[in-house]
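This is entry-v9.txt. It holds compact mmCIF, C-alpha atoms and all ligand atoms.
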```txt
# COMPACT_ATOMS: atom_id res chain seq x y z
CA MET A 601 84.21 112.29 176.95
CA ILE A 602 86.06 115.24 178.51
CA ARG A 603 84.99 118.49 176.77
CA MET A 604 87.85 120.67 175.62
CA ASN A 605 87.39 124.13 174.12
CA PHE A 606 90.22 124.72 171.76
CA ARG A 607 91.48 127.17 169.18
CA ALA A 608 93.32 125.77 166.20
CA PRO A 609 95.95 127.67 164.23
CA LYS A 610 94.94 128.79 160.76
CA ASN A 611 96.91 128.76 157.52
CA VAL A 612 99.59 126.34 158.71
CA ARG A 613 101.14 124.06 156.14
CA TYR A 614 102.75 120.85 157.34
CA GLU A 615 104.12 117.70 155.80
CA CYS A 616 106.22 115.33 157.90
CA GLN A 617 109.69 114.81 156.41
CA ARG A 618 110.32 111.62 158.44
CA CYS A 619 113.55 113.09 159.78
CA ALA A 620 112.94 111.93 163.42
CA ARG A 621 114.19 115.27 164.70
CA CYS A 622 111.17 115.38 167.03
CA CYS A 623 112.24 112.11 168.66
CA GLY A 624 115.24 113.50 170.49
CA ASP A 625 117.43 116.40 171.49
CA THR A 626 118.98 118.77 169.01
CA SER A 627 122.01 121.02 169.44
CA HIS A 628 119.84 123.85 170.79
CA ARG A 629 116.99 122.17 172.68
CA GLY A 630 116.19 119.09 174.71
CA ARG A 631 113.14 117.00 173.79
CA ASN A 632 110.90 116.31 176.74
CA ILE A 633 108.45 113.50 175.98
CA LEU A 634 106.02 113.54 178.87
CA LEU A 635 103.72 110.59 179.41
CA LEU A 636 100.34 110.00 181.01
CA PRO A 637 100.08 107.01 183.39
CA SER A 638 97.67 105.35 180.91
CA GLU A 639 100.25 105.70 178.14
CA VAL A 640 102.96 104.10 180.26
CA GLU A 641 100.63 101.20 181.06
CA GLN A 642 99.73 100.77 177.41
CA ILE A 643 103.36 100.83 176.24
CA SER A 644 104.32 98.42 179.01
CA SER A 645 101.63 95.90 178.14
CA HIS A 646 102.33 96.24 174.40
CA THR A 647 106.11 95.77 174.69
CA GLY A 648 106.33 93.60 177.81
CA LEU A 649 108.81 96.09 179.28
CA ARG A 650 108.67 97.30 182.86
CA PRO A 651 107.56 100.99 183.01
CA LEU A 652 110.73 102.17 184.73
CA SER A 653 112.87 100.61 182.03
CA PHE A 654 111.64 103.16 179.46
CA ALA A 655 110.19 105.98 181.60
CA SER A 656 111.29 108.05 184.59
CA PRO A 657 108.89 109.47 187.16
CA ALA A 658 107.96 113.12 186.55
CA SER A 659 105.48 115.59 187.93
CA ASN A 660 104.08 117.96 185.35
CA GLY A 661 100.30 118.46 185.56
CA VAL A 662 98.57 115.32 184.35
CA TYR A 663 101.88 113.86 183.19
CA ARG A 664 103.57 111.50 185.63
CA TYR A 665 106.44 110.12 183.56
CA ARG A 666 109.06 111.20 181.08
CA MET A 667 110.30 108.99 178.27
CA LYS A 668 113.89 107.88 178.72
CA LYS A 669 116.41 108.70 176.03
CA ARG A 670 119.51 106.95 174.82
CA SER A 671 122.23 109.20 173.38
CA GLY A 672 119.66 111.99 173.36
CA LYS A 673 117.07 109.99 171.39
CA CYS A 674 113.85 108.33 172.53
CA VAL A 675 114.53 104.74 173.64
CA PHE A 676 111.94 103.50 171.14
CA LEU A 677 113.55 105.15 168.13
CA GLU A 678 115.22 102.70 165.78
CA GLY A 679 117.03 104.45 162.96
CA LYS A 680 114.36 106.94 161.98
CA ALA A 681 111.44 104.68 162.86
CA CYS A 682 109.34 104.59 166.01
CA ARG A 683 108.99 101.07 167.46
CA ILE A 684 105.71 101.97 169.18
CA TYR A 685 104.28 104.15 166.41
CA ASP A 686 100.73 102.75 166.60
CA ILE A 687 100.51 103.44 170.32
CA ARG A 688 102.78 106.51 170.47
CA PRO A 689 102.01 109.04 173.20
CA VAL A 690 99.73 112.00 172.66
CA ILE A 691 102.68 114.41 172.81
CA CYS A 692 104.27 112.61 169.84
CA ARG A 693 100.98 112.47 167.93
CA PHE A 694 100.57 116.21 168.39
CA TYR A 695 104.04 117.20 167.23
CA PRO A 696 104.85 119.67 165.63
CA PHE A 697 101.88 121.11 167.52
CA SER A 698 101.47 121.36 171.25
CA VAL A 699 98.67 122.59 173.43
CA LYS A 700 98.67 125.20 176.18
CA ARG A 701 95.68 126.17 178.27
CA TYR A 702 94.75 129.87 178.50
CA ASN A 703 91.65 130.92 180.44
CA GLY A 704 89.92 127.58 179.92
CA THR A 705 90.67 127.40 176.20
CA TYR A 706 93.31 125.09 174.75
CA MET A 707 95.49 126.88 172.22
CA PHE A 708 97.60 125.01 169.71
CA GLU A 709 101.16 126.21 169.28
CA VAL A 710 103.45 125.34 166.39
CA SER A 711 107.06 124.22 166.78
CA ARG A 712 109.18 126.08 164.26
CA ASP A 713 111.85 123.49 164.96
CA CYS A 714 110.11 121.04 162.65
CA PRO A 715 111.37 121.13 159.05
CA GLY A 716 107.94 119.93 157.87
CA ILE A 717 106.26 123.20 158.87
CA GLY A 718 105.57 125.40 155.85
CA LEU A 719 105.56 122.40 153.49
CA GLY A 720 102.67 120.46 151.99
CA ASN A 721 98.98 121.19 152.36
CA LEU A 722 97.22 123.47 154.80
CA VAL A 723 96.39 121.56 157.99
CA PRO A 724 92.58 121.29 158.10
CA PRO A 725 90.59 122.03 161.28
CA GLU A 726 89.60 118.34 161.44
CA HIS A 727 93.23 117.44 162.12
CA PHE A 728 93.13 119.44 165.34
CA GLU A 729 89.70 118.06 166.23
CA ARG A 730 91.09 114.53 165.94
CA MET A 731 94.04 115.44 168.17
CA VAL A 732 91.75 116.93 170.80
CA LYS A 733 89.60 113.78 170.71
CA LYS A 734 92.69 111.59 171.13
CA ALA A 735 93.95 113.70 174.05
CA SER A 736 90.55 113.62 175.67
CA GLU A 737 90.44 109.80 175.41
CA ALA A 738 93.95 109.47 176.85
CA LEU A 739 93.09 111.78 179.74
CA GLN A 740 89.92 109.84 180.44
CA ALA A 741 91.84 106.55 180.47
CA ARG A 742 94.00 107.75 183.35
CA ASN A 743 91.04 107.62 185.79
S1 LIG A 801 110.60 116.89 163.16
FE1 LIG A 801 108.76 117.30 161.91
S2 LIG A 801 109.30 116.59 159.84
FE2 LIG A 801 110.78 115.64 161.27
S3 LIG A 801 109.85 113.61 161.81
FE3 LIG A 801 109.22 115.09 163.40
S4 LIG A 801 107.22 115.84 162.67
FE4 LIG A 801 108.22 114.88 160.89
```

Let's see the structure in the file written out as structure tokens.
Amino acid sequence: MIRMNFRAPKNVRYECQRCARCCGDTSHRGRNILLLPSEVEQISSHTGLRPLSFASPASNGVYRYRMKKRSGKCVFLEGKACRIYDIRPVICRFYPFSVKRYNGTYMFEVSRDCPGIGLGNLVPPEHFERMVKKASEALQARN
């Protein structure tokens, strides 16, 4: 397993409102769903779709693809439901959190764009540990 030092945010409340706002563009920002090669392969084998039918090539660190959108929404969004929820990309699993690397430590950032932030229970440290584990597995699968 790839070791990742990380710092999780404290005292953040979050409860998903199932609004699907994170699955597409809004009036003031575009949603960029970057994909690892392993994620594209997994989605392709799960759906039977050719990679370039749902993803465009991209070059952004370890990410090599970008999810295509239709009318500003992820191509896999149906109503407010994700058609590939069980195998959704790490970026989608992380939302409304994202990770940036500073001096070798991964820092979680919170998207204030998500209406679920500030609602529900405090997010426990284990939640972030699980996300880091998932990201580490996805990164390992690309080799
Ligand atoms: S924007 Fe936030 S509340 Fe809405 S579906 Fe995404 S994670 Fe859930």

For the contact check between chain A and ligand LIG 801 (chain A), emit one row per residue of chain A within 8 Å, containing the shortest atom pair and the distance in Å rounded to one decimal, counting only C-alpha atoms and all ligand atoms, chain then rising number order, as JSON lines.
```
{"residue": "A:Glu615", "atom": "CA", "partner": "A:LIG801", "partner_atom": "S2", "distance": 6.7}
{"residue": "A:Cys616", "atom": "CA", "partner": "A:LIG801", "partner_atom": "FE4", "distance": 3.6}
{"residue": "A:Gln617", "atom": "CA", "partner": "A:LIG801", "partner_atom": "S2", "distance": 3.9}
{"residue": "A:Arg618", "atom": "CA", "partner": "A:LIG801", "partner_atom": "S3", "distance": 3.9}
{"residue": "A:Cys619", "atom": "CA", "partner": "A:LIG801", "partner_atom": "FE2", "distance": 4.0}
{"residue": "A:Ala620", "atom": "CA", "partner": "A:LIG801", "partner_atom": "S3", "distance": 3.9}
{"residue": "A:Arg621", "atom": "CA", "partner": "A:LIG801", "partner_atom": "S1", "distance": 4.2}
{"residue": "A:Cys622", "atom": "CA", "partner": "A:LIG801", "partner_atom": "FE3", "distance": 4.1}
{"residue": "A:Cys623", "atom": "CA", "partner": "A:LIG801", "partner_atom": "FE3", "distance": 6.8}
{"residue": "A:Tyr695", "atom": "CA", "partner": "A:LIG801", "partner_atom": "S4", "distance": 5.7}
{"residue": "A:Pro696", "atom": "CA", "partner": "A:LIG801", "partner_atom": "S4", "distance": 5.4}
{"residue": "A:Asp713", "atom": "CA", "partner": "A:LIG801", "partner_atom": "S1", "distance": 7.0}
{"residue": "A:Cys714", "atom": "CA", "partner": "A:LIG801", "partner_atom": "FE1", "distance": 4.0}
{"residue": "A:Pro715", "atom": "CA", "partner": "A:LIG801", "partner_atom": "S2", "distance": 5.1}
{"residue": "A:Gly716", "atom": "CA", "partner": "A:LIG801", "partner_atom": "S2", "distance": 4.1}
{"residue": "A:Ile717", "atom": "CA", "partner": "A:LIG801", "partner_atom": "FE1", "distance": 7.1}
```

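Shortest separation to A:Phe606 among A:Leu739, A:Ile691, A:Ile633, A:Met731 occurs at residue A:Met731, atoms counted being only C-alpha atoms.
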
In the coordinates of the file, take the point (97.8, 117.3, 168.4) and a cut-off of 10 Å; then, counting all atoms listed in the file, name each qualifying protein, DNA or RNA residue as a list of chain:residue names. A:Ala608, A:Val690, A:Ile691, A:Cys692, A:Arg693, A:Phe694, A:Tyr695, A:Pro696, A:Phe697, A:Ser698, A:Val699, A:Phe708, A:Glu709, A:His727, A:Phe728, A:Glu729, A:Arg730, A:Met731, A:Val732, A:Lys733, A:Lys734, A:Ala735

Padding 5 Å on each side, edges along x, y and z: where is the centre of the box around the listed atoms of stretch 686-696 of chain A, and how long are its edges in Å to one decimal? Output it as lines of an AutoDock Vina configuration file.
```
center_x = 102.3
center_y = 111.2
center_z = 169.4
size_x = 15.1
size_y = 26.9
size_z = 17.6
```

Contacts of A:Cys674 at 9 Å or less, counting only C-alpha atoms, minus same-chain residues fewer than 4 places along, as a list in words? Cys623, Gly624, Asp625, Arg631, Ile633, Phe654, Met667, Lys668, Lys669, Arg670, Glu678 and Cys682 of chain A

Calculate how many Å separate atom CA of A:Asn632 from atom CA of A:Gly718, rounding to one decimal.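 Calculated distance between atom CA of A:Asn632 and atom CA of A:Gly718 is 23.4 Å.
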
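The spacing separating atom CA of A:Asn611 from atom CA of A:Arg629 amounts to 26.0 Å.
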
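Among the candidate residues A:Leu636, A:Val710, A:Ile643, A:Val675, the one lying nearest to A:Pro609 is A:Val710, with distances computed using all atoms listed in the file.
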
As a PyMOL selection string, please: the residues near A:Gln642 (cut-off 12 Å, only C-alpha atoms, same-chain neighbours under 2 positions excluded). chain A and resi 635-640+644-651+684+686-689+738+741-742

Separation of atom CA of A:Lys673 from atom CA of A:Gly720 in Å: 26.3 Å

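Among the candidate residues A:Ser659, A:Gly672, A:Arg607, A:Glu641, the one lying nearest to A:Thr626 is A:Gly672, with distances computed using only C-alpha atoms.
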
Top pick for closest residue to A:Ser736, considering A:Pro657, A:Leu634, A:Tyr706, A:Arg666 and counting all atoms listed in the file: A:Tyr706
